[in-house]
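Asker: Have a look at this one.
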Amino acid sequence: MKRLLPALSLFLALLPGVPASAQTRPNVVTSFSILADFARRVGGDRISVTSLVGPDSDAHVYTPTPHDAKDVGAARLLIVNGLGLEGWLPRLQQASGSKAPIIVATQGITPRKRGADADPHAWQSVGTARVYVRNIRDALVAADPADAAVFQANAERYLAELDALDQEVRAEIGKIPPERRKVISTHDAFGYFADAYGIQFIAPLGVSTETEPSARDVAEIIVQVRKDKIPAVFLENFNDDRLVGRIAAETGAKIGGTLYSDALSEENGPAPTYIAMVRHNIRALTSALGR
């Protein structure tokens with residue numbers, strides 16, 4: 001049996017498109033589910049991807065586990081968002097003893113500012129998401145030069161899909177009357193989307209879901225909704241819906257459904273991939289805001 005193993009490994013290595021062994025695939029760890037989807041699209045079957053923060057979970061308030069430290073310690077590459085999203089990451093990296101390179105997927109993006117802080121939600125603009133994909137492609141090529149051609153080809157196909165998605169979003173937004181392109185969302189996660197596509201988002205919470213609105217904040221929002229005739233309020237996939245429900249009840253604004261902001265859904269949900277997430281959100285917006 002021992003004599004057969006080298007021959008089997010050689011046979012597998014010679015098969016076109018088949019990695020020699022699952023054990024030889026670089027372990028890529030991402031901080032949250034949207035980055036994991038980007039990495040899988042670029043890396044394909046040449047990498048193994050683990051997401052620390054899973055579907056329907058909030059990276060803003062995440063608490064790492066001992067298993068996360070084990071995953072990071074075994075990583076060949078660690079992909080993070082940066083811009084202040086993963087405040088828990090330095091302690092996790094130290095606990096893991098990892099020496100893996102850290103790739104900041106937002107490198108090269110000029111962040112929006114909310115006060116003195118950077119807005120970390122840059123993936124919400126499909127055009128900006130292209131920068132994420134290119135950074136991940138370059139990181140994978142550097143980590144595994146033997147599969148560079150595969151990573152480059154996968155990235156080109158995905159970037160073409162994102163180009164088409166960007167045009168799709170613009171066409172759908174164009175169907176909404178300009179005076180109705182304004183909504184309430186739970187926290188300020190859609191600034192890049194607003195800048196790119198012309199929807200005004202008003203958020204009772206800040207960029208981070210760690211903050212809570214005061215009674216005065218809510219009262220001011222209710223006044224603004226009435227004054228500006230904002231037609232819809234939206235929940236997010238992991239936020240408490242009581243705040244939005246109160247605003248809707250006191251203003252008559254329509255509850256427009258759920259928007260996915262900081263995480264994908266489970267595989268059998270409405271937003272298991274980045275492209276599915278964007279399409280889900282745009283359908284929810286056009287349904288609530290269209291006449």
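Order determines the names: the first chain of the structure tokens is A, the second B, and so forth; residues in each chain are numbered 1 upward, and ligands are numbered 1 upward as they are shown.
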Listing only residues of region 66-152 of chain A within 6 Å of region 191-201 of chain A, what is the closest atom pair and its distance in Å (to one decimal) for each, using only C-alpha atoms, sorted by chain and residue number ascending, as a tab-separated table?
Answerer:
```
residue	atom	partner	partner_atom	distance
A:Ala122	CA	A:Tyr192	CA	5.9
A:Gln124	CA	A:Phe193	CA	5.2
A:Ser125	CA	A:Phe193	CA	4.7
```
Asker: Tell me, which residues of region 40-203 of chain A carry DSSP helix (DSSP H, G or I), written as a PyMOL selection string?
Answerer: chain A and resi 40-46+59-61+66-73+89-96+122-124+126-143+145-173+178-180+191-197
Asker: What's the 8 Å shell around Trp88 (chain A), counting only C-alpha atoms, without same-chain residues fewer than 6 positions away, as a PDB file with N, CA, C and O atoms, in the first residue's frame?
Answerer:
```
ATOM      1  N   TYR A  62     -18.549  41.017  17.128  1.00  0.00           N
ATOM      2  CA  TYR A  62     -18.166  39.613  17.206  1.00  0.00           C
ATOM      3  C   TYR A  62     -17.170  39.359  18.340  1.00  0.00           C
ATOM      4  O   TYR A  62     -16.294  40.182  18.611  1.00  0.00           O
ATOM      5  N   THR A  63     -17.322  38.212  18.996  1.00  0.00           N
ATOM      6  CA  THR A  63     -16.376  37.774  20.020  1.00  0.00           C
ATOM      7  C   THR A  63     -15.705  36.498  19.534  1.00  0.00           C
ATOM      8  O   THR A  63     -16.374  35.468  19.386  1.00  0.00           O
ATOM      9  N   PRO A  64     -14.399  36.517  19.259  1.00  0.00           N
ATOM     10  CA  PRO A  64     -13.714  35.313  18.754  1.00  0.00           C
ATOM     11  C   PRO A  64     -13.747  34.169  19.747  1.00  0.00           C
ATOM     12  O   PRO A  64     -13.837  34.370  20.966  1.00  0.00           O
TER      13      PRO A  64
END
```
Asker: Here is a test: counting only C-alpha atoms, which residue of A:Val126, A:Val225, A:Ala95, A:Ala143 is nearest to Met277 (chain A)?
Answerer: A:Val126
Asker: Using DSSP assignments from the backbone, pull out every residue in region 34-94 of chain A that falls under strand (DSSP E) and give it to me as a PDB file with N, CA, C and O atoms, in the first residue's frame.
Answerer:
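states-v8.pdb was written with the following content:
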```pdb
ATOM      1  N   SER A  48      -8.780  26.621   0.245  1.00  0.00           N
ATOM      2  CA  SER A  48      -9.759  26.248   1.264  1.00  0.00           C
ATOM      3  C   SER A  48     -10.071  27.495   2.077  1.00  0.00           C
ATOM      4  O   SER A  48      -9.158  28.141   2.602  1.00  0.00           O
ATOM      5  N   VAL A  49     -11.353  27.881   2.160  1.00  0.00           N
ATOM      6  CA  VAL A  49     -11.740  29.156   2.764  1.00  0.00           C
ATOM      7  C   VAL A  49     -12.520  28.926   4.055  1.00  0.00           C
ATOM      8  O   VAL A  49     -13.458  28.125   4.097  1.00  0.00           O
ATOM      9  N   THR A  50     -12.132  29.648   5.098  1.00  0.00           N
ATOM     10  CA  THR A  50     -12.846  29.665   6.371  1.00  0.00           C
ATOM     11  C   THR A  50     -13.193  31.104   6.714  1.00  0.00           C
ATOM     12  O   THR A  50     -12.338  31.990   6.594  1.00  0.00           O
ATOM     13  N   SER A  51     -14.434  31.346   7.111  1.00  0.00           N
ATOM     14  CA  SER A  51     -14.846  32.677   7.546  1.00  0.00           C
ATOM     15  C   SER A  51     -14.989  32.692   9.064  1.00  0.00           C
ATOM     16  O   SER A  51     -15.689  31.847   9.632  1.00  0.00           O
ATOM     17  N   LEU A  52     -14.333  33.632   9.727  1.00  0.00           N
ATOM     18  CA  LEU A  52     -14.428  33.718  11.183  1.00  0.00           C
ATOM     19  C   LEU A  52     -15.837  34.112  11.622  1.00  0.00           C
ATOM     20  O   LEU A  52     -16.428  33.476  12.493  1.00  0.00           O
ATOM     21  N   VAL A  53     -16.372  35.166  11.034  1.00  0.00           N
ATOM     22  CA  VAL A  53     -17.743  35.591  11.322  1.00  0.00           C
ATOM     23  C   VAL A  53     -18.628  35.006  10.236  1.00  0.00           C
ATOM     24  O   VAL A  53     -18.462  35.305   9.058  1.00  0.00           O
ATOM     25  N   LEU A  77      -3.062  32.508   4.652  1.00  0.00           N
ATOM     26  CA  LEU A  77      -3.362  33.886   4.287  1.00  0.00           C
ATOM     27  C   LEU A  77      -4.576  34.329   5.093  1.00  0.00           C
ATOM     28  O   LEU A  77      -5.538  33.572   5.239  1.00  0.00           O
ATOM     29  N   LEU A  78      -4.541  35.554   5.620  1.00  0.00           N
ATOM     30  CA  LEU A  78      -5.652  36.114   6.378  1.00  0.00           C
ATOM     31  C   LEU A  78      -6.149  37.365   5.649  1.00  0.00           C
ATOM     32  O   LEU A  78      -5.381  38.299   5.423  1.00  0.00           O
ATOM     33  N   ILE A  79      -7.427  37.355   5.267  1.00  0.00           N
ATOM     34  CA  ILE A  79      -8.006  38.472   4.518  1.00  0.00           C
ATOM     35  C   ILE A  79      -8.990  39.198   5.414  1.00  0.00           C
ATOM     36  O   ILE A  79      -9.930  38.595   5.940  1.00  0.00           O
ATOM     37  N   VAL A  80      -8.771  40.509   5.578  1.00  0.00           N
ATOM     38  CA  VAL A  80      -9.630  41.323   6.435  1.00  0.00           C
ATOM     39  C   VAL A  80     -10.133  42.529   5.659  1.00  0.00           C
ATOM     40  O   VAL A  80      -9.601  42.889   4.611  1.00  0.00           O
TER      41      VAL A  80
END
```
Asker: Just give me the gap between CA of Phe38 (chain A) and CA of Arg114 (chain A) in Å, one decimal is fine.
Answerer: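 Atom-to-atom, CA of Phe38 (chain A) and CA of Arg114 (chain A) are spaced 26.0 Å apart.
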Asker: What is the CA of Asp71 (chain A)-CA of Ala36 (chain A) distance in Å, reported with one decimal?
Answerer: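 Pair CA of Asp71 (chain A) / CA of Ala36 (chain A) returns 13.8 Å.
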Asker: Tell me, in Å to one decimal, how far CA of Leu289 (chain A) is from CA of Pro178 (chain A).
Answerer: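 Between CA of Leu289 (chain A) and CA of Pro178 (chain A) the gap works out to 9.8 Å.
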Asker: For the contact check between region 11-109 of chain A and region 148-161 of chain A, emit one row per residue of region 11-109 of chain A within 7 Å, containing the shortest atom pair and the distance in Å rounded to one decimal, counting only C-alpha atoms, chain then rising number order, as a tab-separated table.
Answerer:
```
residue	atom	partner	partner_atom	distance
A:Arg41	CA	A:Asn154	CA	6.7
A:Val42	CA	A:Ala155	CA	5.0
A:Gly43	CA	A:Phe151	CA	5.6
```
Asker: Would you mind exporting C-alpha atoms of the selected residues as a compact mmCIF listing (two decimals), in the first residue's frame?
Answerer:
```txt
# COMPACT_ATOMS: atom_id res chain seq x y z
CA ARG A 41 -14.95 33.13 -6.39
CA VAL A 42 -11.32 34.05 -7.09
CA GLY A 43 -9.66 30.98 -5.56
```
Asker: Using only C-alpha atoms, pick whichever of A:His280, A:Lys254, A:Arg76, A:Arg216 has the shortest atom-to-atom distance to Ala100 (chain A).
Answerer: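 Looking at the shortest contact to Ala100 (chain A), the residue is A:Arg76.
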Asker: Counting only C-alpha atoms, which of A:Glu266, A:Asp166, A:Asp188, A:Glu172 gets nearest to Leu285 (chain A)?
Answerer: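 Closest residue, counting only C-alpha atoms: A:Glu172.
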Asker: List the neighbours of region 219-224 of chain A out to 8 Å using only C-alpha atoms; skip same-chain residues closer than 5 positions along the sequence, and give me the result as a ChimeraX atom specification.
Answerer: /A:204,229,247,250-251
Asker: Find the residues near Ile176 (chain A): any atom within 8 Å, counting only C-alpha atoms, skip ones fewer than 2 places away on the same chain, and give them as a VMD selection string.
Answerer: chain A and resid 172 to 174 178 180 to 181 286 289 to 291
Asker: Would you mind telling me which residue in A:Pro101, A:Pro231, A:Pro145, A:Pro177 lies nearest to Ile255 (chain A) when using only C-alpha atoms?
Answerer: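 Of A:Pro101, A:Pro231, A:Pro145, A:Pro177, the one nearest Ile255 (chain A), counting only C-alpha atoms, is A:Pro231.
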Asker: Looking at only C-alpha atoms, which of A:Asp163, A:Ala249, A:Asn281, A:Val183 is the one that sits closest to Leu264 (chain A)?
Answerer: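 Checking each candidate against Leu264 (chain A), we get A:Asn281 as the closest.
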Asker: Of the residues A:Ala118, A:Ala146, A:Ile109, A:Ala75, which is the one nearest to Val131 (chain A), using only C-alpha atoms?
Answerer: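 Closest candidate: A:Ile109.
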